[in-house]
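coords_10.cif follows (mmCIF, C-alpha atoms and all ligand atoms):
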```
data_protein
#
loop_
_atom_site.label_atom_id
_atom_site.label_comp_id
_atom_site.auth_asym_id
_atom_site.auth_seq_id
_atom_site.Cartn_x
_atom_site.Cartn_y
_atom_site.Cartn_z
CA MET A 1324 99.31 122.05 95.92
CA LYS A 1325 100.18 120.59 99.32
CA LYS A 1326 103.53 118.92 99.76
CA ILE A 1327 103.57 115.15 100.34
CA VAL A 1328 106.65 113.49 101.82
CA VAL A 1329 107.50 109.82 101.36
CA THR A 1330 110.34 108.53 103.55
CA GLY A 1331 111.90 105.46 101.99
CA GLY A 1332 110.47 106.61 98.65
CA ALA A 1333 113.41 105.19 96.67
CA GLY A 1334 112.67 101.72 98.02
CA PHE A 1335 110.46 98.96 96.69
CA ILE A 1336 107.10 99.93 98.23
CA GLY A 1337 107.94 103.63 98.58
CA SER A 1338 108.65 104.04 94.86
CA ALA A 1339 105.34 102.33 93.99
CA LEU A 1340 103.59 104.72 96.38
CA VAL A 1341 105.30 107.71 94.74
CA ARG A 1342 104.00 106.52 91.35
CA THR A 1343 100.47 106.16 92.72
CA LEU A 1344 100.59 109.65 94.27
CA LEU A 1345 101.80 111.20 91.01
CA GLN A 1346 99.24 109.32 88.91
CA ARG A 1347 96.48 110.63 91.14
CA ALA A 1348 97.96 114.15 91.27
CA GLU A 1349 97.72 114.05 95.05
CA GLY A 1350 100.28 116.87 95.49
CA GLU A 1351 103.97 117.70 95.11
CA VAL A 1352 105.92 114.64 96.12
CA GLU A 1353 109.23 114.83 97.98
CA VAL A 1354 111.24 111.78 99.00
CA ILE A 1355 113.58 111.36 101.97
CA ASP A 1356 115.87 108.37 101.43
CA ASN A 1357 119.52 107.67 102.24
CA LEU A 1358 119.63 104.93 99.56
CA LEU A 1359 120.69 102.29 102.08
CA THR A 1360 118.51 99.62 100.46
CA GLY A 1361 116.69 101.82 97.94
CA TYR A 1362 117.87 103.07 94.55
CA GLU A 1363 117.68 106.32 92.66
CA HIS A 1364 116.83 104.31 89.54
CA ASN A 1365 113.58 103.20 91.20
CA LEU A 1366 112.40 106.76 90.54
CA GLN A 1367 114.19 107.10 87.20
CA GLU A 1368 111.39 107.92 84.79
CA LEU A 1369 109.88 110.24 87.42
CA ALA A 1370 112.90 112.58 87.44
CA GLY A 1371 111.69 116.18 87.42
CA ARG A 1372 108.36 115.21 88.97
CA VAL A 1373 109.67 114.19 92.36
CA GLN A 1374 112.34 115.72 94.55
CA LEU A 1375 114.75 113.27 96.19
CA HIS A 1376 116.44 114.41 99.41
CA LYS A 1377 119.33 112.05 100.15
CA LEU A 1378 118.98 112.29 103.90
CA ASP A 1379 119.11 109.90 106.83
CA ILE A 1380 116.09 109.80 109.16
CA ARG A 1381 118.52 109.40 112.07
CA ASP A 1382 119.47 113.03 111.41
CA ALA A 1383 116.54 114.88 113.01
CA ARG A 1384 117.79 118.33 112.11
CA ALA A 1385 118.31 117.51 108.44
CA ILE A 1386 114.87 116.01 107.86
CA ALA A 1387 112.80 118.58 109.81
CA PRO A 1388 112.74 121.29 107.10
CA VAL A 1389 111.68 118.77 104.44
CA ILE A 1390 108.81 117.49 106.57
CA ARG A 1391 107.68 120.90 107.81
CA GLY A 1392 104.44 122.06 106.20
CA ALA A 1393 103.64 118.77 104.44
CA GLY A 1394 100.00 117.73 104.26
CA VAL A 1395 100.79 114.03 104.56
CA VAL A 1396 103.96 112.13 105.42
CA TYR A 1397 104.15 108.47 104.43
CA HIS A 1398 106.83 106.95 106.65
CA LEU A 1399 108.31 103.87 105.00
CA ALA A 1400 112.05 104.33 105.58
CA ALA A 1401 113.41 101.40 107.58
CA ILE A 1402 115.77 98.47 107.52
CA PRO A 1403 113.02 96.01 106.62
CA SER A 1404 114.48 92.63 107.45
CA VAL A 1405 114.03 90.07 110.24
CA PRO A 1406 117.35 88.22 109.63
CA ARG A 1407 119.30 91.46 109.26
CA SER A 1408 117.92 92.71 112.58
CA ILE A 1409 119.23 89.53 114.22
CA ALA A 1410 122.63 89.52 112.47
CA ASP A 1411 123.27 93.24 113.07
CA PRO A 1412 120.63 94.72 115.40
CA VAL A 1413 122.11 98.17 116.10
CA PRO A 1414 121.45 99.93 112.74
CA SER A 1415 117.93 98.44 112.59
CA HIS A 1416 117.26 99.67 116.11
CA GLU A 1417 118.53 103.16 115.40
CA ILE A 1418 116.73 103.57 112.09
CA ASN A 1419 113.49 101.74 112.83
CA ILE A 1420 112.92 103.19 116.30
CA ALA A 1421 114.91 106.43 116.70
CA GLY A 1422 114.45 107.33 113.02
CA THR A 1423 110.70 106.81 113.30
CA PHE A 1424 110.62 108.99 116.40
CA ASN A 1425 112.45 111.72 114.47
CA VAL A 1426 109.96 111.57 111.60
CA LEU A 1427 106.96 111.74 113.95
CA ARG A 1428 108.47 114.58 115.95
CA ALA A 1429 109.30 116.57 112.84
CA ALA A 1430 105.72 116.00 111.63
CA ALA A 1431 104.17 117.06 114.95
CA GLU A 1432 106.30 120.18 115.17
CA GLY A 1433 105.99 120.94 111.46
CA GLY A 1434 102.19 121.12 111.31
CA VAL A 1435 101.69 117.96 109.24
CA ARG A 1436 98.05 116.86 108.99
CA ARG A 1437 98.64 113.08 108.99
CA VAL A 1438 101.40 110.49 109.03
CA VAL A 1439 100.82 107.05 107.53
CA TYR A 1440 103.27 104.57 109.04
CA ALA A 1441 104.46 101.32 107.44
CA ALA A 1442 104.02 98.82 110.27
CA SER A 1443 104.50 95.08 109.93
CA SER A 1444 102.58 91.83 110.29
CA SER A 1445 105.64 90.52 112.13
CA ALA A 1446 104.03 92.11 115.23
CA TYR A 1447 101.77 89.03 115.46
CA GLY A 1448 104.69 86.64 115.86
CA ASP A 1449 104.08 82.91 116.03
CA SER A 1450 100.63 82.76 117.61
CA GLU A 1451 98.74 79.99 115.80
CA THR A 1452 95.44 81.82 115.49
CA LEU A 1453 94.47 82.73 111.93
CA PRO A 1454 93.52 85.14 110.54
CA LYS A 1455 95.44 87.78 112.45
CA LYS A 1456 93.19 90.48 113.90
CA GLU A 1457 94.37 93.86 115.10
CA SER A 1458 92.82 93.14 118.52
CA MET A 1459 95.21 90.19 119.13
CA ALA A 1460 98.04 90.73 121.60
CA PRO A 1461 101.33 91.30 119.74
CA ARG A 1462 104.02 88.63 120.11
CA PRO A 1463 107.10 89.96 118.32
CA GLN A 1464 109.77 87.29 117.72
CA SER A 1465 112.68 89.35 116.39
CA PRO A 1466 114.34 92.73 116.92
CA TYR A 1467 112.76 93.89 113.64
CA ALA A 1468 109.26 92.95 114.84
CA VAL A 1469 109.82 94.77 118.14
CA GLN A 1470 111.13 97.84 116.33
CA LYS A 1471 108.19 98.07 113.94
CA LEU A 1472 105.79 97.59 116.84
CA VAL A 1473 107.44 100.36 118.84
CA GLY A 1474 106.94 102.57 115.78
CA GLU A 1475 103.22 101.76 115.90
CA TYR A 1476 103.03 102.61 119.57
CA TYR A 1477 104.88 105.85 118.98
CA ALA A 1478 102.53 106.70 116.11
CA SER A 1479 99.49 106.12 118.30
CA VAL A 1480 100.93 108.12 121.20
CA PHE A 1481 101.86 111.03 118.94
CA TYR A 1482 98.13 111.23 118.21
CA SER A 1483 96.91 110.89 121.80
CA CYS A 1484 99.59 113.11 123.37
CA PHE A 1485 100.44 115.61 120.64
CA GLY A 1486 97.38 115.59 118.37
CA LEU A 1487 99.31 114.46 115.27
CA GLU A 1488 97.00 112.28 113.15
CA THR A 1489 98.67 108.93 112.49
CA VAL A 1490 97.53 105.71 110.87
CA ALA A 1491 99.64 102.54 111.08
CA LEU A 1492 99.26 99.89 108.38
CA ARG A 1493 100.60 96.42 109.09
CA PHE A 1494 101.93 95.26 105.72
CA PHE A 1495 101.84 91.52 105.06
CA ASN A 1496 104.54 90.17 102.67
CA VAL A 1497 104.39 92.73 99.92
CA TYR A 1498 105.63 91.68 96.47
CA GLY A 1499 105.83 93.13 92.98
CA PRO A 1500 108.13 95.01 90.58
CA ARG A 1501 111.28 96.67 92.00
CA GLN A 1502 111.63 94.39 95.01
CA ASP A 1503 115.38 94.05 95.27
CA PRO A 1504 116.63 90.46 94.87
CA SER A 1505 120.29 91.33 95.31
CA SER A 1506 120.71 90.70 99.03
CA PRO A 1507 120.26 87.51 101.08
CA TYR A 1508 117.81 89.56 103.17
CA SER A 1509 115.51 90.20 100.21
CA GLY A 1510 111.84 89.23 100.18
CA VAL A 1511 111.27 85.61 99.20
CA LEU A 1512 109.33 86.31 96.01
CA SER A 1513 112.03 88.55 94.55
CA LEU A 1514 114.54 85.76 95.21
CA PHE A 1515 112.20 83.24 93.55
CA MET A 1516 112.00 85.48 90.47
CA LYS A 1517 115.77 85.69 90.25
CA HIS A 1518 116.20 81.91 90.54
CA LEU A 1519 113.44 81.22 88.05
CA LEU A 1520 114.92 83.47 85.38
CA ASN A 1521 118.46 82.20 86.07
CA ARG A 1522 117.14 78.62 85.97
CA THR A 1523 118.64 77.82 89.39
CA PRO A 1524 116.82 76.13 92.29
CA PRO A 1525 115.95 78.40 95.21
CA THR A 1526 116.69 77.50 98.81
CA ILE A 1527 113.52 77.30 100.87
CA PHE A 1528 114.10 77.54 104.61
CA GLY A 1529 112.03 74.78 106.25
CA ASP A 1530 109.63 72.44 104.43
CA GLY A 1531 108.02 75.07 102.20
CA GLU A 1532 104.61 74.59 103.81
CA GLN A 1533 104.89 77.87 105.69
CA SER A 1534 102.31 80.29 104.31
CA ARG A 1535 102.06 84.01 103.83
CA ASP A 1536 99.45 86.60 102.92
CA PHE A 1537 101.25 87.87 99.81
CA THR A 1538 99.99 91.35 98.90
CA TYR A 1539 100.63 93.06 95.58
CA VAL A 1540 102.54 96.31 95.93
CA GLU A 1541 100.03 98.48 94.05
CA ASP A 1542 97.24 97.34 96.38
CA VAL A 1543 99.40 98.42 99.32
CA ALA A 1544 100.14 101.80 97.72
CA ALA A 1545 96.43 102.38 97.07
CA LEU A 1546 95.64 101.57 100.69
CA CYS A 1547 98.29 104.01 101.94
CA VAL A 1548 96.56 106.82 100.03
CA LYS A 1549 93.17 105.81 101.45
CA ALA A 1550 94.64 105.72 104.96
CA ALA A 1551 95.80 109.30 104.53
CA GLN A 1552 92.25 110.41 103.85
CA ALA A 1553 89.93 108.19 105.90
CA THR A 1554 87.96 109.85 108.65
CA GLY A 1555 87.93 108.29 112.12
CA ALA A 1556 91.18 106.40 111.50
CA ALA A 1557 93.63 108.62 113.39
CA GLY A 1558 95.63 106.88 116.11
CA LYS A 1559 94.68 103.40 114.85
CA THR A 1560 96.44 100.36 113.39
CA TYR A 1561 95.06 98.32 110.48
CA ASN A 1562 96.04 95.12 108.74
CA ALA A 1563 97.12 95.84 105.17
CA GLY A 1564 97.07 92.33 103.72
CA ASN A 1565 95.08 90.56 101.04
CA GLY A 1566 93.12 88.28 103.35
CA GLY A 1567 94.41 84.98 101.86
CA ARG A 1568 97.52 82.84 102.23
CA PHE A 1569 99.73 80.73 100.00
CA THR A 1570 102.56 78.35 100.86
CA LEU A 1571 106.04 78.84 99.43
CA ASN A 1572 105.74 75.44 97.74
CA PHE A 1573 102.54 76.58 96.00
CA ILE A 1574 104.16 79.82 94.80
CA TRP A 1575 107.29 78.09 93.51
CA ASP A 1576 105.14 75.49 91.68
CA ALA A 1577 103.04 78.24 90.10
CA LEU A 1578 106.14 80.10 88.92
CA GLN A 1579 107.70 76.97 87.43
CA LYS A 1580 104.48 76.30 85.51
CA MET A 1581 104.43 79.88 84.19
CA GLU A 1582 107.95 79.42 82.83
CA GLY A 1583 107.49 75.77 81.78
CA VAL A 1584 110.50 74.59 83.82
CA GLN A 1585 111.15 72.04 86.56
CA LEU A 1586 113.57 73.18 89.26
CA PRO A 1587 112.99 71.33 92.55
CA PRO A 1588 113.94 73.65 95.44
CA VAL A 1589 116.65 72.92 97.98
CA TYR A 1590 115.19 72.76 101.49
CA GLY A 1591 117.33 74.28 104.28
CA GLN A 1592 116.98 74.71 108.04
CA PRO A 1593 114.05 76.93 109.14
CA ARG A 1594 115.21 80.51 109.76
CA GLU A 1595 115.43 82.05 113.20
CA GLY A 1596 112.61 84.50 113.88
CA ASP A 1597 110.45 83.30 110.95
CA VAL A 1598 106.79 82.65 111.72
CA ARG A 1599 105.00 79.57 110.33
CA HIS A 1600 101.77 81.04 108.96
CA SER A 1601 100.47 84.51 108.37
CA MET A 1602 97.15 85.78 107.07
CA ALA A 1603 95.39 89.07 107.67
CA ASP A 1604 91.86 89.71 108.76
CA ILE A 1605 91.18 92.80 106.64
CA THR A 1606 87.64 93.49 107.88
CA SER A 1607 88.59 96.75 109.61
CA ALA A 1608 90.72 98.05 106.75
CA VAL A 1609 87.88 97.32 104.29
CA ALA A 1610 85.18 98.89 106.48
CA GLU A 1611 87.07 101.91 107.82
CA LEU A 1612 89.65 102.71 105.13
CA GLY A 1613 87.92 101.38 102.00
CA HIS A 1614 90.67 98.78 101.40
CA ALA A 1615 89.88 96.86 98.21
CA PRO A 1616 92.78 94.71 97.01
CA GLN A 1617 92.48 94.18 93.25
CA CYS A 1618 95.27 91.85 92.28
CA SER A 1619 94.97 88.03 92.49
CA ILE A 1620 98.11 86.04 93.28
CA GLU A 1621 98.25 84.65 89.71
CA GLU A 1622 97.98 88.12 88.17
CA GLY A 1623 100.45 89.59 90.66
CA LEU A 1624 103.01 86.85 90.00
CA ARG A 1625 102.56 87.26 86.24
CA ARG A 1626 103.09 91.05 86.39
CA THR A 1627 106.06 90.69 88.73
CA LEU A 1628 107.70 88.02 86.60
CA GLU A 1629 107.23 90.15 83.49
CA TRP A 1630 108.92 93.09 85.19
CA TYR A 1631 111.91 90.98 86.28
CA ARG A 1632 112.18 89.46 82.81
CA THR A 1633 112.32 92.80 81.04
CA THR A 1634 114.03 95.00 83.64
CA ALA A 1635 116.00 93.34 86.40
N1 LIG B 1 108.24 94.40 101.95
C1 LIG B 1 107.39 93.90 102.86
O1 LIG B 1 106.83 92.81 102.67
C2 LIG B 1 107.10 94.65 104.14
C3 LIG B 1 106.29 94.02 105.11
C4 LIG B 1 106.01 94.70 106.28
C5 LIG B 1 106.47 96.00 106.46
N2 LIG B 1 107.25 96.58 105.50
C6 LIG B 1 107.72 97.95 105.74
O2 LIG B 1 107.53 98.72 104.56
C7 LIG B 1 108.55 99.70 104.46
C8 LIG B 1 109.18 99.66 103.08
O3 LIG B 1 109.80 98.39 102.90
P1 LIG B 1 110.35 97.89 101.48
O4 LIG B 1 110.02 96.46 101.36
O5 LIG B 1 109.92 98.83 100.41
O6 LIG B 1 111.92 97.97 101.71
P2 LIG B 1 113.05 98.80 100.98
O7 LIG B 1 114.34 98.39 101.61
O8 LIG B 1 112.96 98.66 99.51
O9 LIG B 1 112.69 100.30 101.39
C9 LIG B 1 113.16 100.93 102.54
C10 LIG B 1 113.70 102.29 102.11
O10 LIG B 1 114.13 103.01 103.27
C11 LIG B 1 115.38 103.62 102.97
N3 LIG B 1 116.11 103.83 104.22
C12 LIG B 1 116.64 102.88 105.04
N4 LIG B 1 117.24 103.46 106.08
C13 LIG B 1 117.07 104.81 105.93
C14 LIG B 1 117.48 105.93 106.69
N5 LIG B 1 118.20 105.79 107.82
N6 LIG B 1 117.15 107.17 106.26
C15 LIG B 1 116.44 107.32 105.10
N7 LIG B 1 116.03 106.28 104.34
C16 LIG B 1 116.35 105.05 104.76
C17 LIG B 1 116.07 102.63 102.06
O11 LIG B 1 117.13 103.20 101.32
C18 LIG B 1 114.92 102.17 101.19
O12 LIG B 1 114.76 102.98 100.06
C19 LIG B 1 109.51 99.44 105.62
O13 LIG B 1 109.18 100.32 106.66
C20 LIG B 1 109.21 98.02 106.03
O14 LIG B 1 109.51 97.78 107.40
C21 LIG B 1 107.58 95.93 104.36
#
```
Let me see the structure of the file written as C-alpha cells.
Amino acid sequence: MKKIVVTGGAGFIGSALVRTLLQRAEGEVEVIDNLLTGYEHNLQELAGRVQLHKLDIRDARAIAPVIRGAGVVYHLAAIPSVPRSIADPVPSHEINIAGTFNVLRAAAEGGVRRVVYAASSSAYGDSETLPKKESMAPRPQSPYAVQKLVGEYYASVFYSCFGLETVALRFFNVYGPRQDPSSPYSGVLSLFMKHLLNRTPPTIFGDGEQSRDFTYVEDVAALCVKAAQATGAAGKTYNAGNGGRFTLNFIWDALQKMEGVQLPPVYGQPREGDVRHSMADITSAVAELGHAPQCSIEEGLRRTLEWYRTTA
C-alpha cells in the first residue's frame, strides 16, 4: 500500500484526518509532527497503526526521507494562530513559510503524486463582501494570514514550475473533538467548551456579533481526502467551509441551553487582526472536489461538547 504522510498529524485537525485515512484504509499513514501544539495522546488509540516521526518541518534534511515515495502528503503542520503571529512573528514565519517550502520541495524531489495544503480563510481579511469566493483578491490582515497565503502561492507554483500536484484548501474556523483549549491562542469554540464545563463566563472580544463559518472537523478531514483524489484540481485553491455563518453570541447561547446554565459572557476589546464576518462560498469545492459537509452546527456542538465532557 502507498505511504501517506500527514504533517501536523498529532494536532487537532491532523489527528482527525489520520483517523479518517485509517478508517478508509487509504494507505500506510506516517505523521511528521514536532509536538509544538499537537499531542501524542491525540493518536493514542491508533498506536501501532500509525508511525509518528517527531521531526520539525524547518529541518529539510530530516523530513525528506519520510516524505520521499509517498503517494499523498497532507501538509497541516503550522503555528495556526493570528494573535500568536502578532505577539511572536518569527517562529510562525519560519514554520508557516519556510517549513511549507521544505515540505513542498521534499515532495517534488521525492516523487510524491499530490500535496494537499491546509490554507486559511484568513486570506480574505476584512473585505465586507460575503460569501467569500476564491476569485476575490486576498487581503491578509496579520502575519499568520500572509504566511498561509504564501504557502498557497508556493503550492500553486510548485505545480506550475515543478509539476508537483498540489491542492490548497482554505479552512474556515474548524471545530470539534481534540481542539486544544489550553492556550489563550486556542480556537474560540474549544475555549467556550472549557468555560461551559467549568461554569465560568468566557471573554468574547468585541460585541459577540462577529460571525464565522464554523466547520466540523470530520467534514474537513473528508474533504482533504477528496482533494487528494479529484481530477482537474491540481494547482488550485478551494474554500473548505460549511457555507453558513453563526455569531459568537448565537453559539454561546446555544451551548448554555444545551447545558441548562446561564453564564453571561464578559465582553472585551476587539482583537487585533480579527475579521468581522466570514462565510465561504463552497460552490467550487462542491462541484470540483465533491465537498459535502454532513454535520449541522447543533449536531457538531453536541458531539464536541460530549467529547470535552468525557475526555478533556
Ligand atoms: N483550526 C482552524 O480553524 C484552522 C483554520 C484555518 C487553517 N487551519 C490550518 O490547519 C492546520 C492544522 O491546524 P490545527 O487547528 O489542527 O492546529 P494544531 O495546532 O492542533 O495543529 C498543528 C500541528 O502542527 C504541528 N507543528 C507545529 N509546528 C511544527 C513544526 N515546525 N514541525 C512539525 N510539526 C509542527 C503541531 O505540533 C500540531 O500538531 C494548520 O496548518 C492551520 O494553519 C486551521
- Query: With distances taken over all atoms listed in the file, which of A:Val1435, A:Val1405, A:Ala1370, A:Val1497 is nearest to ligand LIG 1 (chain B)?
  - Reply: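 Selected residue with least distance to ligand LIG 1 (chain B): A:Val1497.
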- Between A:Ser1338, A:Leu1612, A:Val1354, A:Ala1401, which has the minimum distance to Val1389 in chain A (counting only C-alpha atoms)?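 Selected residue with least distance to Val1389 in chain A: A:Val1354.
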Centre and edge lengths of an axis-aligned box around all listed atoms of ligand LIG 1 (chain B), with 4 Å added on each side, are to be given in Å to one decimal, as JSON.
```
{"center_x": 112.1, "center_y": 100.1, "center_z": 103.7, "size_x": 20.2, "size_y": 22.5, "size_z": 16.3}
```
- Item | Option closest in space to Met1459 in chain A, from A:Thr1560, A:Ser1506, A:Asn1521, A:Asn1565 [counting all atoms listed in the file] | A:Thr1560
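Distances from A:Tyr1467, A:Trp1630, A:Tyr1477, A:Tyr1362 to His1416 in chain A were compared using all atoms listed in the file, and the smallest one belongs to A:Tyr1467.
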As a CSV table (one decimal) with C-alpha atoms, in the coordinates of the input, please: the residues near Phe1481 in chain A (cut-off 10 Å, all atoms listed in the file, same-chain neighbours under 6 positions excluded).
```csv
chain,number,residue,atom,x,y,z
A,1424,PHE,CA,110.6,109.0,116.4
A,1427,LEU,CA,107.0,111.7,114.0
A,1428,ARG,CA,108.5,114.6,116.0
A,1430,ALA,CA,105.7,116.0,111.6
A,1431,ALA,CA,104.2,117.1,115.0
A,1438,VAL,CA,101.4,110.5,109.0
A,1475,GLU,CA,103.2,101.8,115.9
A,1487,LEU,CA,99.3,114.5,115.3
A,1488,GLU,CA,97.0,112.3,113.2
A,1489,THR,CA,98.7,108.9,112.5
A,1558,GLY,CA,95.6,106.9,116.1
```
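Closest to ligand LIG 1 (chain B) among A:Glu1622, A:Asp1530, A:Glu1417, A:Glu1349 is A:Glu1417, based on all atoms listed in the file.
For the choices A:Gly1332, A:Gly1613, A:Gly1567, A:Gly1555, the atom-to-atom distance to ligand LIG 1 (chain B) is smallest for A:Gly1332 when using only C-alpha atoms and all ligand atoms.
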- Task: Excluding Ser1619 in chain A and any residue of its chain fewer than 3 positions from it, enumerate the residues within 10 Å of it, using all atoms listed in the file, and give them as a ChimeraX atom specification.
- Result: /A:1537-1539,1565,1567,1616,1622-1625
- Message: How would you report the residues lying within 7 Å of ligand LIG 1 (chain B), as a ChimeraX atom specification, if you count only C-alpha atoms and all ligand atoms?
- Response: /A:1330-1337,1355-1362,1378-1381,1399-1403,1418,1422,1441-1444,1471,1493-1498,1502-1503,1510
